[in-house]
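Participant: Next comes the structure file final_4.txt, holding compact mmCIF, C-alpha atoms.
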# COMPACT_ATOMS: atom_id res chain seq x y z
CA MET Z 1 0.00 0.00 0.00
CA HIS Z 2 2.80 2.43 0.93
CA LYS Z 3 4.34 1.88 -2.50
CA LEU Z 4 1.19 3.22 -4.15
CA VAL Z 5 1.15 6.23 -1.80
CA PHE Z 6 4.76 7.11 -2.60
CA PHE Z 7 4.16 6.53 -6.31
CA GLY Z 8 1.09 8.78 -6.24
CA LEU Z 9 3.00 11.51 -4.39
CA SER Z 10 5.88 11.36 -6.89
CA ALA Z 11 3.49 11.32 -9.85
CA ALA Z 12 1.72 14.42 -8.49
CA CYS Z 13 5.05 16.26 -8.08
CA TRP Z 14 6.15 15.39 -11.61
CA GLY Z 15 2.74 16.32 -12.99
CA LEU Z 16 2.91 19.74 -11.32
CA PHE Z 17 6.39 20.32 -12.70
CA ALA Z 18 5.31 19.23 -16.21
CA LEU Z 19 2.35 21.64 -16.09
CA PHE Z 20 4.40 24.72 -15.16
CA PHE Z 21 7.28 23.72 -17.42
CA HIS Z 22 4.90 23.49 -20.38
CA ARG Z 23 3.44 26.91 -19.58
CA ASP Z 24 6.76 28.73 -19.36
CA ARG Z 25 10.26 27.25 -19.36
CA SER Z 26 11.86 30.51 -18.29
CA ARG Z 27 10.26 30.75 -14.81
CA TYR Z 28 12.64 30.24 -11.89
CA ARG Z 29 10.05 28.27 -9.94
CA ASN Z 30 10.61 25.42 -12.40
CA CYS Z 31 14.06 24.90 -10.85
CA TYR Z 32 12.51 24.18 -7.46
CA LEU Z 33 9.60 22.15 -8.85
CA LEU Z 34 12.05 19.88 -10.68
CA PHE Z 35 14.14 19.49 -7.51
CA ILE Z 36 11.05 18.59 -5.47
CA ALA Z 37 9.99 16.08 -8.16
CA LEU Z 38 13.43 14.45 -8.04
CA LEU Z 39 13.34 14.31 -4.23
CA SER Z 40 9.89 12.68 -4.40
CA LEU Z 41 11.47 9.72 -6.17
CA ILE Z 42 13.62 8.84 -3.14
CA PRO Z 43 10.88 7.44 -0.84
CA PHE Z 44 9.28 5.65 -3.79
CA ILE Z 45 12.56 4.00 -4.82
CA LEU Z 46 13.32 3.06 -1.20
CA SER Z 47 9.88 1.46 -0.87
CA LEU Z 48 10.80 -0.90 -3.70
CA PHE Z 49 13.59 -2.38 -1.56
CA ASP Z 50 11.31 -3.53 1.29
CA GLY Z 51 13.63 -6.03 3.01
CA TYR Z 52 16.75 -4.14 2.00
CA MET Z 53 15.71 -0.60 2.91
CA VAL Z 54 18.41 -0.27 5.58
CA TYR Z 55 21.10 -1.18 3.06
CA ALA Z 56 19.62 1.19 0.48
CA LEU Z 57 19.63 4.02 3.05
CA MET Z 58 23.21 3.24 4.01
CA PHE Z 59 24.25 3.25 0.34
CA MET Z 60 22.59 6.62 -0.24
CA ALA Z 61 24.11 8.08 2.93
CA TYR Z 62 27.65 6.95 2.13
CA SER Z 63 27.30 8.00 -1.52
CA THR Z 64 26.17 11.47 -0.44
CA MET Z 65 29.03 11.81 2.05
CA LEU Z 66 31.56 10.72 -0.58
CA ALA Z 67 30.14 13.22 -3.10
CA LEU Z 68 30.31 16.02 -0.52
CA LEU Z 69 33.96 15.23 0.09
CA ILE Z 70 34.85 15.04 -3.61
CA VAL Z 71 32.98 18.15 -4.86
CA PRO Z 72 35.20 20.88 -3.33
CA PHE Z 73 38.41 19.22 -4.55
CA PHE Z 74 36.91 18.78 -8.02
CA LEU Z 75 35.98 22.47 -8.16
CA ILE Z 76 39.39 23.57 -6.92
CA HIS Z 77 41.08 21.40 -9.55
CA ASN Z 78 38.71 22.74 -12.20
CA GLY Z 79 39.59 26.31 -11.22
CA ILE Z 80 43.29 25.57 -11.65
CA VAL Z 81 42.63 24.01 -15.08
CA MET Z 82 40.60 27.08 -16.10
CA LEU Z 83 43.47 29.38 -15.19
CA LYS Z 84 45.91 27.29 -17.22
CA LYS Z 85 43.68 26.97 -20.30
CA GLU Z 86 41.80 30.27 -20.34
CA GLY Z 87 44.22 32.67 -18.65
CA LYS Z 88 44.03 34.84 -15.54
CA HIS Z 89 40.63 36.49 -15.26
CA ILE Z 90 38.26 36.90 -12.32
CA SER Z 91 35.52 34.88 -14.09
CA HIS Z 92 37.94 31.96 -14.46
CA LEU Z 93 38.39 31.81 -10.69
CA LEU Z 94 34.73 31.15 -9.87
CA SER Z 95 34.93 27.36 -9.56
CA LEU Z 96 38.12 27.70 -7.50
CA PHE Z 97 36.43 30.16 -5.11
CA LEU Z 98 33.31 27.98 -4.79
CA GLY Z 99 35.42 24.91 -4.12
CA LEU Z 100 37.33 26.71 -1.36
CA ALA Z 101 34.04 27.99 0.14
CA ILE Z 102 32.51 24.51 0.21
CA LEU Z 103 35.69 23.08 1.72
CA ALA Z 104 35.57 25.79 4.40
CA GLY Z 105 31.96 24.87 5.15
CA GLU Z 106 32.83 21.18 5.47
CA LEU Z 107 35.77 21.94 7.75
CA SER Z 108 33.50 24.16 9.87
CA THR Z 109 31.02 21.32 10.21
CA ILE Z 110 33.80 18.98 11.32
CA GLY Z 111 35.00 21.70 13.69
CA LEU Z 112 31.57 21.83 15.34
CA VAL Z 113 31.90 18.20 16.29
CA VAL Z 114 35.49 18.56 17.48
CA LYS Z 115 34.86 21.66 19.58
CA TYR Z 116 32.49 19.81 21.90
CA SER Z 117 35.40 17.61 22.84
CA PHE Z 118 37.92 20.40 23.45
CA PHE Z 119 36.04 23.58 24.32
CA TYR Z 120 32.84 22.55 26.06
CA TYR Z 121 34.28 23.49 29.45
CA ASP Z 122 34.21 27.15 28.33
CA ARG Z 123 30.51 27.85 27.88
CA PHE Z 124 30.93 31.28 26.27
CA PHE Z 125 33.66 30.13 23.89
CA ALA Z 126 31.69 27.02 22.98
CA SER Z 127 28.66 29.19 22.21
CA PHE Z 128 30.72 31.57 20.07
CA ILE Z 129 32.37 28.72 18.13
CA SER Z 130 28.98 27.06 17.62
CA ILE Z 131 27.39 30.18 16.19
CA LEU Z 132 30.35 31.00 13.94
CA GLY Z 133 30.88 27.46 12.68
CA SER Z 134 27.17 26.80 12.20
CA PHE Z 135 26.73 30.10 10.37
CA ILE Z 136 29.53 29.26 7.93
CA SER Z 137 28.23 25.71 7.44
CA MET Z 138 24.66 26.85 6.93
CA SER Z 139 25.71 29.54 4.43
CA VAL Z 140 27.78 27.11 2.36
CA ILE Z 141 25.04 24.48 2.41
CA TYR Z 142 22.40 27.07 1.45
CA VAL Z 143 24.42 28.39 -1.50
CA SER Z 144 25.45 24.87 -2.57
CA VAL Z 145 21.89 23.53 -2.56
CA SER Z 146 20.63 26.64 -4.40
CA PHE Z 147 23.32 26.16 -7.02
CA LEU Z 148 22.51 22.43 -7.28
CA ILE Z 149 18.83 23.23 -7.90
CA PHE Z 150 19.82 25.70 -10.64
CA MET Z 151 22.32 23.26 -12.18
CA LEU Z 152 19.80 20.40 -12.37
CA TYR Z 153 17.28 22.54 -14.24
CA THR Z 154 19.97 23.79 -16.62
CA LEU Z 155 20.94 20.18 -17.37
CA PHE Z 156 17.29 19.22 -17.81
CA LEU Z 157 16.83 21.95 -20.42
CA HIS Z 158 19.79 20.51 -22.31
CA ILE Z 159 18.70 16.86 -22.37
CA ILE Z 160 14.98 17.11 -23.14
CA PRO Z 161 14.04 16.26 -26.76
CA ILE Z 162 13.16 19.13 -29.10
CA LYS Z 163 10.87 19.30 -32.10
CA LYS Z 164 12.43 19.68 -35.53
CA ASP Z 165 9.96 21.82 -37.47
CA PHE Z 166 11.32 25.35 -36.90
CA ASP Z 167 10.73 28.47 -38.98
CA TYR Z 168 13.68 30.43 -37.56
CA VAL Z 169 16.89 29.59 -35.74
CA ILE Z 170 18.45 32.45 -33.76
CA ILE Z 171 22.15 31.91 -33.03
CA LEU Z 172 23.49 34.08 -30.22
CA GLY Z 173 26.88 35.65 -30.91
CA ALA Z 174 30.02 35.69 -28.79
CA GLY Z 175 33.19 37.76 -28.98
CA LEU Z 176 35.43 37.28 -32.01
CA LEU Z 177 39.11 36.36 -31.65
CA GLN Z 178 41.56 38.94 -32.96
CA GLY Z 179 38.62 40.97 -34.23
CA ASP Z 180 37.40 38.64 -36.98
CA ARG Z 181 37.85 34.94 -36.09
CA LEU Z 182 35.25 32.65 -34.57
CA SER Z 183 36.00 31.15 -31.18
CA LYS Z 184 35.52 27.43 -30.50
CA LEU Z 185 32.49 28.32 -28.35
CA LEU Z 186 30.85 30.26 -31.21
CA LYS Z 187 31.64 27.56 -33.78
CA ASP Z 188 29.95 25.01 -31.52
CA ARG Z 189 26.80 27.18 -31.46
CA LEU Z 190 26.87 27.48 -35.25
CA ASP Z 191 27.43 23.74 -35.70
CA LYS Z 192 24.42 23.05 -33.49
CA ALA Z 193 22.30 25.45 -35.56
CA ILE Z 194 23.51 23.82 -38.80
CA ASP Z 195 22.54 20.42 -37.39
CA ILE Z 196 19.04 21.73 -36.63
CA TYR Z 197 18.82 23.20 -40.14
CA ARG Z 198 19.79 19.93 -41.85
CA LYS Z 199 17.39 17.81 -39.79
CA ASP Z 200 14.43 20.15 -40.29
CA PRO Z 201 11.88 18.89 -42.87
CA THR Z 202 11.36 22.50 -43.99
CA PRO Z 203 14.71 24.34 -43.67
CA PRO Z 204 14.34 27.36 -41.36
CA VAL Z 205 15.76 30.85 -41.72
CA MET Z 206 19.03 31.21 -39.85
CA VAL Z 207 19.39 34.39 -37.77
CA PRO Z 208 23.02 34.86 -36.66
CA SER Z 209 22.83 37.63 -34.07
CA GLY Z 210 25.63 39.91 -32.88
CA GLY Z 211 26.90 43.43 -33.53
CA LYS Z 212 30.41 44.81 -33.92
CA GLY Z 213 32.32 45.32 -30.69
CA SER Z 214 34.86 48.08 -30.13
CA ASP Z 215 37.72 45.60 -30.56
CA GLU Z 216 36.22 43.79 -33.57
CA HIS Z 217 36.86 44.42 -37.28
CA ILE Z 218 33.50 43.01 -38.41
CA SER Z 219 30.22 42.24 -36.68
CA GLU Z 220 29.76 38.86 -35.05
CA ALA Z 221 26.77 38.26 -37.35
CA GLU Z 222 28.94 38.80 -40.45
CA ALA Z 223 31.56 36.32 -39.23
CA MET Z 224 28.81 33.83 -38.39
CA LYS Z 225 27.15 34.27 -41.79
CA LYS Z 226 30.45 33.54 -43.51
CA TYR Z 227 30.79 30.29 -41.54
CA LEU Z 228 27.21 29.28 -42.41
CA LEU Z 229 27.85 29.89 -46.11
CA GLU Z 230 31.06 27.84 -45.95
CA ASN Z 231 29.06 24.98 -44.49
CA GLY Z 232 26.46 24.88 -47.25
CA ILE Z 233 23.66 27.09 -45.89
CA PRO Z 234 22.16 29.10 -48.81
CA GLU Z 235 22.42 32.87 -48.47
CA SER Z 236 18.67 33.11 -49.03
CA ASP Z 237 18.19 31.24 -45.74
CA ILE Z 238 20.41 33.57 -43.71
CA MET Z 239 19.07 36.75 -42.12
CA PRO Z 240 21.83 38.36 -40.01
CA GLU Z 241 21.11 40.72 -37.11
CA MET Z 242 24.06 43.14 -36.72
CA GLN Z 243 22.92 45.77 -34.17
CA SER Z 244 23.01 44.00 -30.81
CA ALA Z 245 25.60 44.43 -28.08
CA ASN Z 246 24.31 41.91 -25.49
CA THR Z 247 21.93 38.97 -25.09
CA PHE Z 248 18.87 41.14 -24.42
CA GLU Z 249 19.49 43.12 -27.63
CA ASN Z 250 20.26 39.91 -29.56
CA LEU Z 251 16.71 38.81 -28.92
CA LYS Z 252 15.12 42.25 -29.22
CA TYR Z 253 16.51 42.94 -32.69
CA SER Z 254 16.19 39.34 -33.88
CA LYS Z 255 12.50 39.43 -32.94
CA ALA Z 256 12.08 42.65 -34.96
CA LEU Z 257 13.53 40.93 -38.05
CA ILE Z 258 11.29 37.89 -37.57
CA ASP Z 259 8.17 40.02 -37.01
CA ALA Z 260 8.91 41.98 -40.19
CA LYS Z 261 8.77 38.78 -42.27
CA GLY Z 262 5.45 37.65 -40.83
CA GLY Z 263 4.01 34.15 -41.16
CA ARG Z 264 4.52 31.35 -38.68
CA LYS Z 265 7.27 32.05 -36.15
CA TYR Z 266 8.20 28.77 -34.47
CA THR Z 267 11.71 29.65 -33.33
CA ALA Z 268 14.75 27.85 -31.95
CA LEU Z 269 17.22 29.80 -29.85
CA VAL Z 270 20.73 28.34 -30.02
CA THR Z 271 23.38 29.23 -27.47
CA SER Z 272 25.86 27.38 -25.25
CA ASN Z 273 24.19 24.82 -22.95
CA TYR Z 274 25.01 26.72 -19.74
CA HIS Z 275 23.44 29.91 -21.19
CA VAL Z 276 20.08 28.51 -22.39
CA TYR Z 277 18.07 29.30 -19.26
CA ARG Z 278 19.13 32.94 -19.00
CA ALA Z 279 18.65 33.39 -22.75
CA LEU Z 280 15.08 32.10 -22.39
CA ARG Z 281 14.45 34.67 -19.65
CA HIS Z 282 15.63 37.47 -21.96
CA SER Z 283 13.48 35.99 -24.71
CA LYS Z 284 10.39 36.20 -22.53
CA LYS Z 285 11.16 39.83 -21.62
CA ASN Z 286 11.18 40.61 -25.35
CA GLY Z 287 7.92 38.77 -25.98
CA LEU Z 288 9.62 36.17 -28.17
CA ALA Z 289 8.35 32.60 -27.78
CA CYS Z 290 11.10 30.13 -28.60
CA THR Z 291 12.66 26.78 -27.77
CA GLY Z 292 16.11 26.91 -26.19
CA VAL Z 293 18.73 24.60 -27.68
CA GLY Z 294 22.16 24.24 -26.09
CA SER Z 295 25.45 23.52 -27.81
CA ARG Z 296 28.15 21.62 -25.98
CA VAL Z 297 31.10 23.34 -24.34
CA ALA Z 298 34.38 21.90 -23.09
CA PHE Z 299 33.79 20.08 -19.78
CA TYR Z 300 36.46 22.07 -17.93
CA TYR Z 301 34.76 25.33 -19.00
CA TRP Z 302 31.24 24.35 -17.93
CA PRO Z 303 31.43 24.69 -14.10
CA SER Z 304 32.79 28.26 -14.09
CA ALA Z 305 30.39 29.30 -16.86
CA LEU Z 306 27.42 27.88 -14.95
CA ILE Z 307 28.49 29.62 -11.73
CA ARG Z 308 28.65 32.87 -13.72
CA GLU Z 309 25.10 32.28 -14.97
CA PHE Z 310 23.92 31.53 -11.42
CA ILE Z 311 25.37 34.83 -10.20
CA ALA Z 312 23.83 36.72 -13.13
CA ILE Z 313 20.36 35.32 -12.44
CA HIS Z 314 20.56 36.14 -8.74
CA SER Z 315 21.82 39.65 -9.40
CA GLU Z 316 18.34 40.49 -10.72
CA LYS Z 317 16.53 42.48 -8.02
CA LYS Z 318 13.64 40.06 -7.52
CA HIS Z 319 15.80 36.95 -7.22
CA ALA Z 320 18.43 38.73 -5.11
CA VAL Z 321 15.74 39.63 -2.55
CA ILE Z 322 14.40 36.05 -2.48
CA PHE Z 323 17.85 34.47 -2.33
CA PHE Z 324 19.32 36.68 0.42
CA GLY Z 325 15.99 36.77 2.25
CA GLY Z 326 15.98 32.97 2.44
CA TRP Z 327 19.59 32.99 3.59
CA ALA Z 328 18.85 35.56 6.33
CA VAL Z 329 15.83 33.62 7.61
CA ASN Z 330 17.87 30.40 7.81
CA ALA Z 331 20.70 32.23 9.59
CA LEU Z 332 18.38 33.77 12.20
CA ILE Z 333 16.62 30.45 12.89
CA LEU Z 334 19.97 28.70 13.27
CA ILE Z 335 21.40 31.33 15.62
CA TYR Z 336 18.21 31.27 17.72
CA PHE Z 337 18.33 27.50 18.31
CA ILE Z 338 22.06 27.54 19.05
CA THR Z 339 21.73 30.35 21.61
CA GLN Z 340 18.76 28.55 23.21
CA SER Z 341 20.82 25.38 23.59
CA PHE Z 342 23.39 27.25 25.71
CA ARG Z 343 20.94 28.78 28.17
Output the file's structure as C-alpha cells, nothing else.
Facilitator:
Amino acid sequence: MHKLVFFGLSAACWGLFALFFHRDRSRYRNCYLLFIALLSLIPFILSLFDGYMVYALMFMAYSTMLALLIVPFFLIHNGIVMLKKEGKHISHLLSLFLGLAILAGELSTIGLVVKYSFFYYDRFFASFISILGSFISMSVIYVSVSFLIFMLYTLFLHIIPIKKDFDYVIILGAGLLQGDRLSKLLKDRLDKAIDIYRKDPTPPVMVPSGGKGSDEHISEAEAMKKYLLENGIPESDIMPEMQSANTFENLKYSKALIDAKGGRKYTALVTSNYHVYRALRHSKKNGLACTGVGSRVAFYYWPSALIREFIAIHSEKKHAVIFFGGWAVNALILIYFITQSFR
C-alpha cells in the first residue's frame, strides 16, 4: 500500500512540474519544482527495496558523504585548469572560489563536532564557536543547494528532446578572436544550428545575431554568416542581425527581423548549454516565444560558466531579494536554536 502512496505523491510532483514547465520554461520556480519532483522519487525508490531498505539508506548516505567530500576538490582542480587553459581572469576563478568555500563549510562542520570535545568546558567560547561554525556551514550548504537546484534545471533543459519543425533559428553571438575569427564556443553554437537546419523537414531561416564590438573588425553576425555559407547554408536562408551588443538586444533585434517577415514564427534559440536558461528569460522579456537549444562546451569550461550564470540570475533584483531573504531567515533560525541550547 505504501508503494502506491509514494508513487502517487511522486506522480503528483512530476505532474505539477510538467504543467508549469509546459506553460513557461523561463520561470525560476521550475528549478525548485524539478528538484522537489526528483526528491519525491527517493521514498518511492526506497519502498521498492522492502527487506533491503536499511542497506539502500546506508548506500545513499555513504554516496552522499563521498560526493560532498569530492565536490570541493573537483571544483578547486577545475579552477586551476581554467586558469591554465583560459588565462588569468576573475571569471575563471569562480569554480576555485566555490570549491574553497565549500571546503571551508565542510571543515567548519567537522569543527563543530570537534569543539564539543575540546572547548565545552568554556561555555561562552563554545557558544561563540557554535554560532560562527554553524553560520559558515549553513551559508555554504544554502548556496550549494541553491546552485545544485539551478544546475539540475539547466541540465534538464539541455537533455529534453526538441521538435524539428522550426521556422527560424536564432544563433546568439560571442566575442570574435583577434577581431574577426570565430572562437571554438561560437563555432559550436553554429554547428548546433547547422545540425538543426539539416534535420528540419522545412529548412528554417538562420538568424546569426551579434553586432560589432569596439575591438572587432566586423560584426559577429557577419563572421557567423560567412561560416554558415562555408558549411552549405544558402544565403537566401540567412538573415543576419548586426545591431546587438548583449543577449537582451540579440533577442530584441532578432524578434524585430522575424516580425517583419510575418508568417509562422516557431523559433529555436541556439546558445551554449550553460546559457540557455538565461537566454530564455531574456526571450520572454522581449515577448519572443522560442525553444532553447544548447550547444556543448568543453567540460572544464562548464562549471565556471554555470556559476557565472547563477550569479547573473541572482543579481536580478527580484531573485536577489528572495535568495538573500531565504539565507537571512535560515541564519536567524539557526542562531536562535544555538543560543537557546546554551541557556
Participant: From the list Z:Ile238, Z:Val321, Z:Leu57, Z:Ile149, which residue is nearest Z:Pro43 when using all atoms listed in the file?
Facilitator: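 With all atoms listed in the file as the atom set, the closest residue is Z:Leu57.
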Participant: For Z:Leu190, which of Z:Ala61, Z:Ile218, Z:Ala174, Z:Ile162 is the closest residue, counting only C-alpha atoms?
Facilitator: Z:Ala174
Participant: With 8 Å on each side, where is the centre of the axis-aligned box around all listed atoms of stretch 295-308 of chain Z, and how long are its edges in Å to one decimal, as AutoDock Vina command-line options?
Facilitator:
--center_x 31.0 --center_y 26.5 --center_z -19.8 --size_x 27.0 --size_y 28.8 --size_z 32.1
Participant: Using all atoms listed in the file, pick whichever of Z:Pro208, Z:Pro303, Z:Pro234, Z:Gly87 has the shortest atom-to-atom distance to Z:Thr271.
Facilitator: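 Of Z:Pro208, Z:Pro303, Z:Pro234, Z:Gly87, the one nearest Z:Thr271 is Z:Pro208, counting all atoms listed in the file.
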Participant: Nearest residue to Z:Leu306 out of Z:Phe150, Z:Phe35, Z:Tyr142, Z:Phe21, using only C-alpha atoms?
Facilitator: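 Among Z:Phe150, Z:Phe35, Z:Tyr142, Z:Phe21, it is Z:Phe150 that comes nearest to Z:Leu306.
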Participant: One decimal, Å: what's the distance from atom CA of Z:Val276 over to atom CA of Z:Ser295, could you say?
Facilitator: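 These atoms are spaced 9.1 Å apart.
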Participant: Any idea what's packed within 8 Å of Z:Cys13, counting only C-alpha atoms, ignoring anything in its chain fewer than 4 positions away? Could you give it as JSON, numbers by chain?
Facilitator: {"Z": [9, 17, 33, 36, 37, 40]}
Participant: Residues near Z:Leu229, anyone? I mean within 12 Å using only C-alpha atoms, not counting same-chain ones fewer than 3 positions away, as a short mmCIF file (atom, residue, chain, number, x, y, z; two decimals) with C-alpha atoms, keeping the file's coordinate frame.
Facilitator:
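Result file is selection.cif:
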data_model
loop_
_atom_site.label_atom_id
_atom_site.label_comp_id
_atom_site.auth_asym_id
_atom_site.auth_seq_id
_atom_site.Cartn_x
_atom_site.Cartn_y
_atom_site.Cartn_z
CA LEU Z 190 26.87 27.48 -35.25
CA ILE Z 194 23.51 23.82 -38.80
CA MET Z 206 19.03 31.21 -39.85
CA PRO Z 208 23.02 34.86 -36.66
CA GLU Z 222 28.94 38.80 -40.45
CA ALA Z 223 31.56 36.32 -39.23
CA MET Z 224 28.81 33.83 -38.39
CA LYS Z 225 27.15 34.27 -41.79
CA LYS Z 226 30.45 33.54 -43.51
CA GLY Z 232 26.46 24.88 -47.25
CA ILE Z 233 23.66 27.09 -45.89
CA PRO Z 234 22.16 29.10 -48.81
CA GLU Z 235 22.42 32.87 -48.47
CA SER Z 236 18.67 33.11 -49.03
CA ASP Z 237 18.19 31.24 -45.74
CA ILE Z 238 20.41 33.57 -43.71
CA MET Z 239 19.07 36.75 -42.12
#
Participant: So that I can check the surroundings of Z:Ser214, please list as a list in words every protein, DNA and RNA residue that reaches within 12 Å of it, counting all atoms listed in the file and ignoring chain neighbours fewer than 5 positions away.
Facilitator: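 That gives Gly175, Leu176, Gln178, Gly179, Asp180, Ser219, Glu220 and Ala245 of chain Z.
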Participant: Tell me, in Å to one decimal, how far atom CA of Z:Lys184 is from atom CA of Z:Ser283.
Facilitator: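 Atom CA of Z:Ser283 lies at a distance of 24.3 Å from atom CA of Z:Lys184.
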Participant: Using all atoms listed in the file, can you tell me which of Z:Ser183, Z:Asn273, Z:Ser95, Z:Asn330 comes closest to Z:Ile159?
Facilitator: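 Under the stated criterion, the closest residue is Z:Asn273.
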Participant: Which one of Z:Asn231, Z:Ser244, Z:Thr267, Z:Ser26 sits closest to Z:Phe166 if you count only C-alpha atoms?
Facilitator: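 Of all the options, Z:Thr267 lies closest to Z:Phe166.
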Participant: Could you jot down the atom CA of Z:Met82 to atom CA of Z:Asp195 separation for me, Å, one decimal place?
Facilitator: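 Answer for the atom CA of Z:Met82 to atom CA of Z:Asp195 separation: 28.7 Å.
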